[in-house]
file coords25.cif (mmCIF, C-alpha atoms)
data_query
#
loop_
_atom_site.label_atom_id
_atom_site.label_comp_id
_atom_site.auth_asym_id
_atom_site.auth_seq_id
_atom_site.Cartn_x
_atom_site.Cartn_y
_atom_site.Cartn_z
CA MET A 1 0.00 0.00 0.00
CA PHE A 2 1.26 3.44 -0.97
CA ASP A 3 1.10 5.43 2.26
CA PRO A 4 2.70 8.91 2.07
CA LYS A 5 2.50 9.30 5.85
CA GLN A 6 4.69 6.24 6.27
CA ILE A 7 6.91 7.28 3.36
CA LYS A 8 7.48 10.65 5.00
CA LYS A 9 9.20 8.85 7.89
CA ASP A 10 11.93 7.70 5.48
CA PHE A 11 13.05 11.33 5.02
CA PRO A 12 14.92 12.55 8.11
CA ILE A 13 14.95 16.23 7.11
CA LEU A 14 11.14 16.36 7.18
CA ALA A 15 11.22 15.73 10.93
CA ILE A 16 13.38 18.75 11.79
CA PRO A 17 11.63 21.60 13.64
CA HIS A 18 10.78 24.78 11.76
CA PRO A 19 11.95 28.04 13.44
CA SER A 20 8.31 29.09 13.73
CA GLY A 21 7.65 26.13 16.00
CA LYS A 22 5.18 24.78 13.48
CA PRO A 23 5.71 21.49 11.60
CA LEU A 24 7.82 21.78 8.46
CA VAL A 25 5.71 21.38 5.31
CA TYR A 26 7.98 21.01 2.30
CA LEU A 27 6.21 22.00 -0.93
CA ASP A 28 9.27 22.88 -3.00
CA SER A 29 10.12 19.49 -4.48
CA ALA A 30 10.18 20.77 -8.08
CA ALA A 31 13.24 22.82 -7.12
CA THR A 32 14.84 19.87 -5.35
CA SER A 33 13.43 16.81 -3.66
CA GLN A 34 14.35 15.62 -0.20
CA LYS A 35 16.41 12.44 0.23
CA PRO A 36 15.35 9.21 1.94
CA GLU A 37 17.59 7.60 4.53
CA VAL A 38 18.57 4.83 2.10
CA VAL A 39 20.07 7.35 -0.33
CA ILE A 40 21.97 9.15 2.42
CA ASP A 41 23.24 5.83 3.75
CA ALA A 42 24.31 4.62 0.30
CA ILE A 43 26.45 7.72 -0.25
CA SER A 44 27.92 7.55 3.24
CA ASN A 45 28.64 3.83 2.93
CA TYR A 46 30.45 4.33 -0.37
CA TYR A 47 32.84 6.85 1.20
CA LYS A 48 33.29 4.62 4.26
CA THR A 49 33.98 1.37 2.39
CA SER A 50 34.75 1.91 -1.31
CA ASN A 51 36.25 5.33 -1.99
CA ALA A 52 38.97 5.24 -4.66
CA ASN A 53 39.36 6.50 -8.20
CA VAL A 54 37.81 4.33 -10.87
CA HIS A 55 39.54 2.42 -13.67
CA ARG A 56 43.09 3.49 -12.82
CA GLY A 57 44.01 1.57 -9.69
CA ILE A 58 44.75 -2.14 -9.76
CA HIS A 59 43.94 -2.61 -6.11
CA PHE A 60 41.11 -3.69 -3.85
CA LEU A 61 39.44 -0.31 -3.32
CA GLY A 62 39.92 0.73 -6.94
CA ASP A 63 38.14 -2.41 -8.07
CA ARG A 64 35.33 -1.93 -5.55
CA SER A 65 34.80 1.70 -6.62
CA THR A 66 34.83 0.78 -10.31
CA ARG A 67 32.22 -1.91 -9.73
CA ALA A 68 30.08 0.55 -7.76
CA TRP A 69 30.30 3.02 -10.66
CA HIS A 70 29.30 0.51 -13.33
CA ASP A 71 26.61 -1.17 -11.23
CA SER A 72 25.06 2.24 -10.49
CA ARG A 73 25.07 3.21 -14.17
CA THR A 74 23.36 -0.06 -15.02
CA ALA A 75 20.68 0.44 -12.34
CA ILE A 76 19.97 4.03 -13.40
CA SER A 77 19.76 3.08 -17.08
CA LYS A 78 17.40 0.20 -16.31
CA PHE A 79 15.13 2.51 -14.31
CA PHE A 80 14.71 4.65 -17.44
CA GLY A 81 14.37 1.74 -19.87
CA ALA A 82 17.72 2.43 -21.52
CA ASP A 83 20.97 0.59 -22.13
CA SER A 84 23.91 1.61 -19.96
CA GLN A 85 25.89 2.52 -23.10
CA GLU A 86 23.21 5.11 -23.89
CA LEU A 87 23.83 7.02 -20.65
CA ILE A 88 26.31 9.86 -20.25
CA MET A 89 26.71 10.99 -16.65
CA VAL A 90 26.70 14.76 -16.17
CA ARG A 91 26.18 17.17 -13.29
CA ASN A 92 22.55 18.02 -14.00
CA THR A 93 19.92 18.53 -16.70
CA THR A 94 21.38 21.92 -17.57
CA GLU A 95 24.79 20.45 -18.35
CA ALA A 96 23.17 17.67 -20.36
CA LEU A 97 21.27 20.12 -22.54
CA ASN A 98 24.35 22.25 -23.09
CA LEU A 99 26.30 19.12 -24.04
CA ILE A 100 23.70 18.34 -26.70
CA ALA A 101 23.81 21.88 -28.08
CA TYR A 102 27.59 21.82 -28.45
CA SER A 103 27.66 18.27 -29.79
CA LEU A 104 25.14 19.14 -32.52
CA GLU A 105 26.90 22.34 -33.54
CA ASP A 106 28.47 20.85 -36.68
CA LYS A 107 25.02 19.77 -37.88
CA ILE A 108 23.53 23.28 -37.70
CA HIS A 109 24.11 25.80 -40.48
CA GLU A 110 23.10 29.35 -41.27
CA GLY A 111 19.38 29.55 -41.93
CA ASP A 112 18.52 26.30 -40.13
CA VAL A 113 15.66 26.34 -37.62
CA ILE A 114 15.68 25.20 -33.99
CA LEU A 115 12.28 24.70 -32.35
CA ALA A 116 11.64 25.02 -28.63
CA THR A 117 8.51 26.11 -26.74
CA GLU A 118 7.31 29.13 -24.80
CA ILE A 119 7.05 27.06 -21.62
CA GLU A 120 10.68 25.91 -21.47
CA HIS A 121 12.90 26.21 -18.43
CA HIS A 122 15.83 28.49 -19.22
CA SER A 123 18.04 25.38 -19.27
CA ASN A 124 16.22 24.18 -22.39
CA LEU A 125 16.02 27.59 -24.00
CA VAL A 126 19.23 29.57 -23.48
CA PRO A 127 21.54 26.83 -24.90
CA TRP A 128 19.47 26.89 -28.11
CA GLN A 129 19.51 30.68 -28.20
CA GLU A 130 23.29 30.54 -28.00
CA LEU A 131 23.56 27.80 -30.63
CA ALA A 132 21.33 29.80 -32.99
CA ARG A 133 23.47 32.89 -32.38
CA ARG A 134 26.76 31.05 -33.01
CA LYS A 135 25.54 29.39 -36.20
CA LYS A 136 23.28 32.19 -37.49
CA ALA A 137 20.32 29.86 -37.26
CA LYS A 138 16.76 30.79 -36.32
CA LEU A 139 15.09 29.88 -33.02
CA GLU A 140 11.30 29.53 -33.10
CA LEU A 141 9.05 28.85 -30.10
CA ILE A 142 5.88 26.77 -30.16
CA PRO A 143 3.19 29.04 -28.63
CA VAL A 144 1.44 28.24 -25.38
CA LEU A 145 -2.35 28.44 -25.30
CA GLU A 146 -4.36 30.16 -22.61
CA ASP A 147 -5.05 26.84 -20.86
CA GLY A 148 -1.33 26.16 -20.45
CA THR A 149 -0.99 23.58 -23.23
CA LEU A 150 1.08 23.85 -26.39
CA ASP A 151 -0.50 24.97 -29.66
CA LEU A 152 -0.15 21.71 -31.59
CA ASN A 153 -2.10 23.13 -34.54
CA TRP A 154 0.70 25.67 -34.93
CA LEU A 155 3.25 22.86 -34.77
CA GLU A 156 1.41 20.73 -37.31
CA ALA A 157 1.16 23.65 -39.72
CA ARG A 158 4.85 24.38 -39.28
CA PHE A 159 5.77 20.86 -40.32
CA MET A 160 3.45 20.71 -43.33
CA ASN A 161 6.29 22.33 -45.28
CA HIS A 162 8.47 19.29 -45.93
CA GLU A 163 11.22 21.52 -47.28
CA SER A 164 11.52 23.25 -43.93
CA ARG A 165 15.01 23.43 -42.43
CA ILE A 166 13.97 22.52 -38.90
CA ARG A 167 16.86 20.54 -37.43
CA ILE A 168 16.16 20.36 -33.67
CA LEU A 169 12.96 20.09 -31.64
CA ALA A 170 13.62 20.68 -27.93
CA LEU A 171 10.80 20.53 -25.42
CA THR A 172 10.05 19.77 -21.82
CA HIS A 173 8.16 16.65 -20.80
CA VAL A 174 6.49 18.40 -17.85
CA SER A 175 6.48 22.17 -17.37
CA ASN A 176 8.12 23.19 -14.11
CA THR A 177 5.78 26.20 -13.89
CA LEU A 178 2.48 25.11 -15.44
CA GLY A 179 2.70 21.44 -14.54
CA THR A 180 1.57 20.66 -18.10
CA ILE A 181 2.47 17.19 -19.37
CA ASN A 182 3.30 17.53 -23.04
CA PRO A 183 1.86 14.69 -25.19
CA ILE A 184 5.19 13.44 -26.48
CA GLU A 185 3.77 10.61 -28.59
CA LYS A 186 1.37 13.04 -30.33
CA ILE A 187 4.12 15.57 -30.95
CA LEU A 188 6.48 12.94 -32.35
CA SER A 189 3.74 11.72 -34.69
CA LEU A 190 3.38 15.25 -36.06
CA VAL A 191 7.09 15.49 -36.87
CA SER A 192 7.81 11.87 -37.79
CA SER A 193 8.11 12.56 -41.52
CA HIS A 194 10.91 15.04 -40.93
CA GLN A 195 13.93 12.76 -41.37
CA SER A 196 16.63 15.34 -40.61
CA LEU A 197 15.13 16.34 -37.24
CA VAL A 198 16.55 15.37 -33.84
CA THR A 199 14.34 15.49 -30.75
CA VAL A 200 15.50 16.61 -27.29
CA LEU A 201 13.43 15.98 -24.17
CA ASP A 202 13.92 17.74 -20.83
CA ALA A 203 12.61 15.12 -18.40
CA ALA A 204 13.77 16.80 -15.18
CA GLN A 205 10.22 17.35 -13.95
CA SER A 206 8.66 14.13 -15.25
CA ALA A 207 11.24 11.66 -13.91
CA PRO A 208 10.15 12.04 -10.25
CA HIS A 209 6.45 11.51 -10.97
CA MET A 210 5.81 9.02 -13.75
CA PRO A 211 7.14 5.87 -15.39
CA ILE A 212 9.58 6.71 -18.18
CA ASP A 213 10.97 4.34 -20.78
CA PHE A 214 13.54 6.00 -23.02
CA HIS A 215 13.15 3.47 -25.81
CA LEU A 216 9.33 3.58 -25.80
CA LEU A 217 9.27 7.38 -25.73
CA GLY A 218 11.21 7.44 -28.96
CA VAL A 219 13.10 10.72 -28.50
CA ASP A 220 16.74 11.03 -29.58
CA PHE A 221 18.02 12.74 -26.42
CA MET A 222 16.63 12.84 -22.88
CA ALA A 223 18.06 14.82 -19.95
CA VAL A 224 17.37 14.18 -16.25
CA SER A 225 18.66 15.31 -12.84
CA ALA A 226 19.06 13.02 -9.83
CA HIS A 227 18.19 15.67 -7.25
CA LYS A 228 14.64 16.08 -8.55
CA MET A 229 13.92 12.39 -7.98
CA LEU A 230 15.14 11.78 -4.41
CA GLY A 231 18.81 11.47 -5.43
CA PRO A 232 21.79 13.68 -4.58
CA MET A 233 22.57 17.08 -6.03
CA GLY A 234 25.33 17.49 -8.58
CA ILE A 235 24.69 14.46 -10.79
CA GLY A 236 22.39 13.80 -13.71
CA GLY A 237 22.17 11.91 -16.95
CA LEU A 238 21.90 12.38 -20.68
CA PHE A 239 20.36 9.46 -22.56
CA ILE A 240 21.22 9.26 -26.25
CA LYS A 241 20.14 6.77 -28.89
CA LYS A 242 23.12 4.52 -29.44
CA GLU A 243 23.28 5.13 -33.18
CA LEU A 244 23.45 8.88 -32.57
CA LEU A 245 25.98 8.62 -29.75
CA GLN A 246 28.35 6.74 -32.05
CA THR A 247 28.45 9.75 -34.41
CA MET A 248 28.98 12.41 -31.72
CA LYS A 249 32.24 14.07 -30.78
CA PRO A 250 33.19 14.71 -27.14
CA ILE A 251 33.35 18.29 -25.90
CA LEU A 252 35.32 17.67 -22.69
CA PHE A 253 38.86 16.39 -22.98
CA GLY A 254 41.50 15.00 -20.65
CA GLY A 255 42.03 11.94 -18.49
CA GLY A 256 39.78 8.94 -18.71
CA MET A 257 38.30 9.60 -22.14
CA ILE A 258 41.37 9.05 -24.31
CA GLY A 259 42.65 6.18 -26.39
CA GLU A 260 46.23 7.29 -27.05
CA VAL A 261 48.00 10.62 -26.53
CA THR A 262 51.12 11.89 -28.29
CA LYS A 263 52.84 15.24 -27.88
CA GLN A 264 50.68 16.80 -30.59
CA SER A 265 47.46 14.79 -30.81
CA ALA A 266 45.13 12.32 -29.13
CA THR A 267 42.53 9.71 -29.97
CA TRP A 268 39.38 8.97 -28.01
CA SER A 269 38.37 5.85 -26.15
CA GLU A 270 36.50 3.22 -28.14
CA ASP A 271 34.21 2.80 -25.13
CA LEU A 272 31.47 5.41 -25.57
CA GLU A 273 30.86 5.61 -21.83
CA ASP A 274 34.50 6.53 -21.23
CA ARG A 275 34.71 8.80 -24.27
CA PHE A 276 32.14 11.18 -22.79
CA THR A 277 33.34 10.99 -19.18
CA ALA A 278 36.45 13.13 -18.88
CA GLY A 279 38.16 13.19 -15.50
CA THR A 280 37.09 11.64 -12.23
CA PRO A 281 33.35 10.82 -12.15
CA ASP A 282 31.03 11.38 -9.20
CA VAL A 283 30.90 7.77 -8.07
CA ALA A 284 29.21 8.54 -4.74
CA GLY A 285 26.58 10.56 -6.57
CA ALA A 286 25.93 7.67 -8.94
CA VAL A 287 25.61 5.28 -6.00
CA GLY A 288 23.12 7.62 -4.31
CA TRP A 289 21.14 8.07 -7.52
CA ALA A 290 20.96 4.32 -8.05
CA ALA A 291 19.65 3.96 -4.49
CA ALA A 292 16.96 6.55 -5.27
CA CYS A 293 15.97 4.62 -8.40
CA ASP A 294 15.71 1.45 -6.33
CA TYR A 295 13.59 3.24 -3.70
CA LEU A 296 11.18 4.54 -6.35
CA THR A 297 11.04 1.14 -8.06
CA LYS A 298 9.98 -0.49 -4.80
CA LEU A 299 7.24 2.12 -4.37
CA GLY A 300 6.12 1.50 -7.96
CA MET A 301 6.15 4.35 -10.45
CA LYS A 302 2.54 3.78 -11.48
CA LYS A 303 1.54 4.25 -7.84
CA VAL A 304 3.81 7.28 -7.59
CA PHE A 305 2.00 8.82 -10.56
CA GLU A 306 -1.45 8.00 -9.17
CA HIS A 307 -0.49 9.61 -5.85
CA ASP A 308 0.77 12.69 -7.66
CA GLN A 309 -2.43 13.03 -9.67
CA MET A 310 -4.49 12.78 -6.50
CA LEU A 311 -2.42 15.54 -4.88
CA VAL A 312 -2.65 17.86 -7.87
CA LYS A 313 -6.39 17.35 -8.15
CA TYR A 314 -6.86 18.01 -4.44
CA ALA A 315 -4.65 21.12 -4.52
CA LEU A 316 -6.54 22.51 -7.51
CA GLU A 317 -9.86 21.93 -5.77
CA GLU A 318 -8.82 23.49 -2.48
CA LEU A 319 -6.93 26.47 -3.92
CA SER A 320 -9.83 27.22 -6.28
CA LYS A 321 -11.97 27.93 -3.21
CA ILE A 322 -9.85 30.99 -2.38
CA PRO A 323 -11.26 33.95 -4.36
CA GLU A 324 -7.98 35.86 -4.44
CA ILE A 325 -6.05 33.02 -6.07
CA LYS A 326 -5.65 32.58 -9.82
CA ILE A 327 -4.22 29.19 -10.75
CA ILE A 328 -1.74 29.03 -13.62
CA GLY A 329 -1.98 26.20 -16.13
CA PRO A 330 -4.56 23.43 -16.65
CA ILE A 331 -7.27 23.49 -13.98
CA ASN A 332 -9.70 20.69 -14.86
CA SER A 333 -9.92 17.20 -13.39
CA THR A 334 -6.58 15.40 -13.12
CA GLN A 335 -7.80 11.96 -12.08
CA TYR A 336 -5.66 9.15 -13.48
CA THR A 337 -7.56 6.69 -15.68
CA GLY A 338 -4.84 4.21 -16.55
CA ASN A 339 -6.41 3.14 -19.86
CA SER A 340 -3.19 2.51 -21.74
CA ALA A 341 -1.64 0.57 -18.88
CA GLN A 342 -3.62 -2.53 -19.83
CA GLY A 343 -1.36 -5.22 -21.19
CA HIS A 344 1.77 -3.49 -19.93
CA THR A 345 4.03 -4.63 -17.14
CA GLU A 346 5.73 -2.34 -14.66
CA LYS A 347 8.99 -3.01 -16.50
CA ASN A 348 7.92 -1.61 -19.87
CA TYR A 349 5.07 0.66 -18.80
CA VAL A 350 5.17 4.22 -20.10
CA LEU A 351 2.51 6.90 -19.85
CA ARG A 352 0.51 7.88 -22.89
CA THR A 353 -1.99 10.71 -23.24
CA ALA A 354 -4.89 8.33 -22.54
CA ASP A 355 -3.51 7.74 -19.05
CA TYR A 356 -4.84 11.01 -17.64
CA GLU A 357 -7.77 13.32 -18.17
CA LEU A 358 -5.59 16.39 -17.91
CA ASN A 359 -1.96 16.74 -18.83
CA ARG A 360 -0.68 18.12 -15.55
CA CYS A 361 1.42 16.77 -12.68
CA GLY A 362 3.97 17.61 -10.02
CA SER A 363 2.97 21.11 -8.95
CA VAL A 364 0.40 23.87 -8.83
CA ALA A 365 1.48 27.46 -9.41
CA PHE A 366 -0.74 30.44 -8.69
CA VAL A 367 -0.97 34.18 -8.32
CA TYR A 368 -2.46 35.78 -5.22
CA GLU A 369 -4.25 38.87 -6.52
CA GLY A 370 -2.79 42.09 -5.12
CA VAL A 371 0.17 40.43 -3.37
CA HIS A 372 3.61 39.79 -4.83
CA ALA A 373 4.65 36.14 -4.99
CA HIS A 374 7.71 36.76 -2.81
CA ASP A 375 5.51 38.24 -0.09
CA VAL A 376 3.19 35.24 -0.31
CA ALA A 377 6.14 32.87 0.06
CA GLN A 378 7.51 34.80 3.03
CA ILE A 379 4.19 34.68 4.85
CA LEU A 380 3.89 30.97 4.13
CA ASP A 381 7.38 30.35 5.47
CA SER A 382 6.43 32.07 8.71
CA GLU A 383 3.78 29.34 9.01
CA GLY A 384 6.24 26.53 8.29
CA ILE A 385 5.28 26.11 4.60
CA ALA A 386 8.13 25.98 2.06
CA VAL A 387 7.12 26.99 -1.48
CA ARG A 388 8.91 28.60 -4.42
CA SER A 389 8.26 32.13 -5.67
CA GLY A 390 9.50 34.05 -8.70
CA HIS A 391 9.57 33.22 -12.40
CA HIS A 392 10.88 29.66 -11.84
CA CYS A 393 13.46 30.06 -14.63
CA THR A 394 10.63 30.62 -17.12
CA MET A 395 10.80 34.36 -17.67
CA PRO A 396 9.50 34.30 -21.29
CA LEU A 397 6.47 32.29 -20.16
CA HIS A 398 5.69 34.73 -17.36
CA VAL A 399 6.05 37.68 -19.76
CA GLU A 400 3.74 35.94 -22.25
CA MET A 401 1.19 35.47 -19.46
CA GLY A 402 1.58 39.05 -18.24
CA LEU A 403 2.93 37.99 -14.85
CA ALA A 404 5.89 39.35 -12.90
CA ALA A 405 6.10 36.24 -10.73
CA SER A 406 4.07 33.36 -9.32
CA THR A 407 4.00 31.10 -6.28
CA ARG A 408 4.49 27.36 -6.80
CA ALA A 409 3.63 24.47 -4.50
CA SER A 410 5.23 21.25 -5.70
CA PHE A 411 4.92 17.70 -4.49
CA ASN A 412 6.67 14.35 -4.20
CA VAL A 413 6.08 10.90 -2.74
CA TYR A 414 6.24 12.22 0.83
CA THR A 415 3.59 14.90 0.27
CA THR A 416 0.22 14.35 1.96
CA LYS A 417 -3.23 15.89 1.65
CA GLU A 418 -2.61 17.31 5.12
CA ASP A 419 0.35 19.25 3.69
CA ILE A 420 -1.96 20.87 1.17
CA ASP A 421 -4.47 21.60 3.93
CA ALA A 422 -1.69 23.36 5.84
CA LEU A 423 -0.88 25.42 2.74
CA VAL A 424 -4.49 26.51 2.30
CA LYS A 425 -4.79 27.39 5.99
CA ALA A 426 -1.57 29.42 5.91
CA LEU A 427 -2.75 31.37 2.86
CA ALA A 428 -5.42 32.92 5.10
CA LYS A 429 -2.60 34.82 6.82
CA VAL A 430 -1.68 36.46 3.50
CA LYS A 431 -5.10 38.06 3.40
CA GLN A 432 -4.83 39.15 7.03
CA VAL A 433 -1.47 40.86 6.44
CA PHE A 434 -1.83 42.40 3.01
CA LEU A 435 -5.53 42.82 2.20
#
call {"tool": "encode", "arguments": {"input": "coords25.cif", "output": "structure tokens"}}
result
Amino acid sequence: MFDPKQIKKDFPILAIPHPSGKPLVYLDSAATSQKPEVVIDAISNYYKTSNANVHRGIHFLGDRSTRAWHDSRTAISKFFGADSQELIMVRNTTEALNLIAYSLEDKIHEGDVILATEIEHHSNLVPWQELARRKKAKLELIPVLEDGTLDLNWLEARFMNHESRIRILALTHVSNTLGTINPIEKILSLVSSHQSLVTVLDAAQSAPHMPIDFHLLGVDFMAVSAHKMLGPMGIGGLFIKKELLQTMKPILFGGGMIGEVTKQSATWSEDLEDRFTAGTPDVAGAVGWAAACDYLTKLGMKKVFEHDQMLVKYALEELSKIPEIKIIGPINSTQYTGNSAQGHTEKNYVLRTADYELNRCGSVAFVYEGVHAHDVAQILDSEGIAVRSGHHCTMPLHVEMGLAASTRASFNVYTTKEDIDALVKALAKVKQVFL
């Protein structure tokens, strides 16, 4: 049984006292998730029992560390339905997306088109702006509709011109501000006839909440961060279709990724994993991330998603009762239906559009009329409620919506309905102070 009250006990930080004397209610998981004891222990145990540099030492600890590194990569890849050779370890989603942009530079020429969306996190927008600037290419953004979903009619019309020079389509799986789940399978079907196109998926916000299978999704590149999904900060992954990875050139050079080095030149490792991992890797981070994947697997990602949908639906219902609050993004029913799960096993299960009535998960962002988002967040913190305020690294989206900032409550496996009740109760203090 999926019991968030019991799950909460696995996270030691959630038991610490808040300075206000009230219980700590953590509703900022979209920025970073908290870590269960098993992840903390896995990292600590690695440093206590296995710490050594990988690959280079022919000794007991070196061998143990190398095995920990490779076993962790295998576990992480399996969690995402990918082969370990398709995974490049990076620091975070941002680094992964920058790596793609630089690796694809030779394939982009003056006049080519890069497509992103108006709802992208800056991490999946600024690298493409810079690539377009360097190569004199054009960056176009798929518009966002008033309900917080992408304008797929615009996208379909854009791809009706088969002579178009669109080379890259980069989009988020789940919006970190709107909570919108983009229908990846529908979008890929619209662009499937475009043979020269590569697809890039920012899965930072979807990985914590739903089953993901890299092969079944069908994108060329997928970027994720461990810290969003109960793992440690400072490590993430870039999944790349093997046939594409074999054609890519590394952008970081030095120890660990070489084949041979002379005074004037070098060759790169035949092992693709090594070729894109220059220098000493974050073995402890990989061990912690693998432990987080194991923890989520034991909970069951279908159950994780169902719990998330229940929370989002409940938050939308309760926040909608406050007249001063305007919710950003999709606001209809979010109850999970699970239609496309029939015939699938947990191992190969991946969400499709039919799996939910509304494409939203992970968070609810809102504006409190007449009160700045930072003031709302400060009042909530005085009541023990941790939320995020600002533009959430989506400034173009906020400008498009005519907003200076918004307040976001975001959830994870340890979030309960009582946490949302505490949020709603604390919002009453905003009215007392400012209105």
call {"tool": "resolve_selection", "arguments": {"input": "coords25.cif", "expression": "the PyMOL selection byres ((chain A and resi 231-235) around 6)", "output": "PDB file with C-alpha atoms, keeping the file's coordinate frame"}}
result
ATOM      1  CA  VAL A  90      26.700  14.760 -16.170  1.00  0.00           C
ATOM      2  CA  ARG A  91      26.180  17.170 -13.290  1.00  0.00           C
ATOM      3  CA  ASN A  92      22.550  18.020 -14.000  1.00  0.00           C
ATOM      4  CA  ALA A 226      19.060  13.020  -9.830  1.00  0.00           C
ATOM      5  CA  HIS A 227      18.190  15.670  -7.250  1.00  0.00           C
ATOM      6  CA  MET A 229      13.920  12.390  -7.980  1.00  0.00           C
ATOM      7  CA  LEU A 230      15.140  11.780  -4.410  1.00  0.00           C
ATOM      8  CA  GLY A 236      22.390  13.800 -13.710  1.00  0.00           C
ATOM      9  CA  GLY A 288      23.120   7.620  -4.310  1.00  0.00           C
ATOM     10  CA  TRP A 289      21.140   8.070  -7.520  1.00  0.00           C
ATOM     11  CA  ALA A 292      16.960   6.550  -5.270  1.00  0.00           C
TER      12      ALA A 292
END
call {"tool": "atom_distance", "arguments": {"input": "coords25.cif", "atom1": "atom CA of Val54 of chain A", "atom2": "atom CA of Pro281 of chain A"}}
result
8.0 Å
call {"tool": "closest_residue", "arguments": {"input": "coords25.cif", "among": "A:Leu61, A:Ile251, A:Ile76, A:Leu14", "to": "Ser103 of chain A", "atoms": "all atoms listed in the file"}}
result
A:Ile251
call {"tool": "closest_residue", "arguments": {"input": "coords25.cif", "among": "A:Glu306, A:Asp202, A:Glu156, A:Glu418", "to": "Thr94 of chain A", "atoms": "all atoms listed in the file"}}
result
A:Asp202
call {"tool": "resolve_selection", "arguments": {"input": "coords25.cif", "expression": "the PyMOL selection byres ((chain A and resi 223) around 7)", "output": "list in words"}}
result
Thr93, Ala96, Leu97, Leu201, Asp202, Ala203, Ala204, Phe221, Met222, Val224, Gly237, Leu238 and Phe239 of chain A
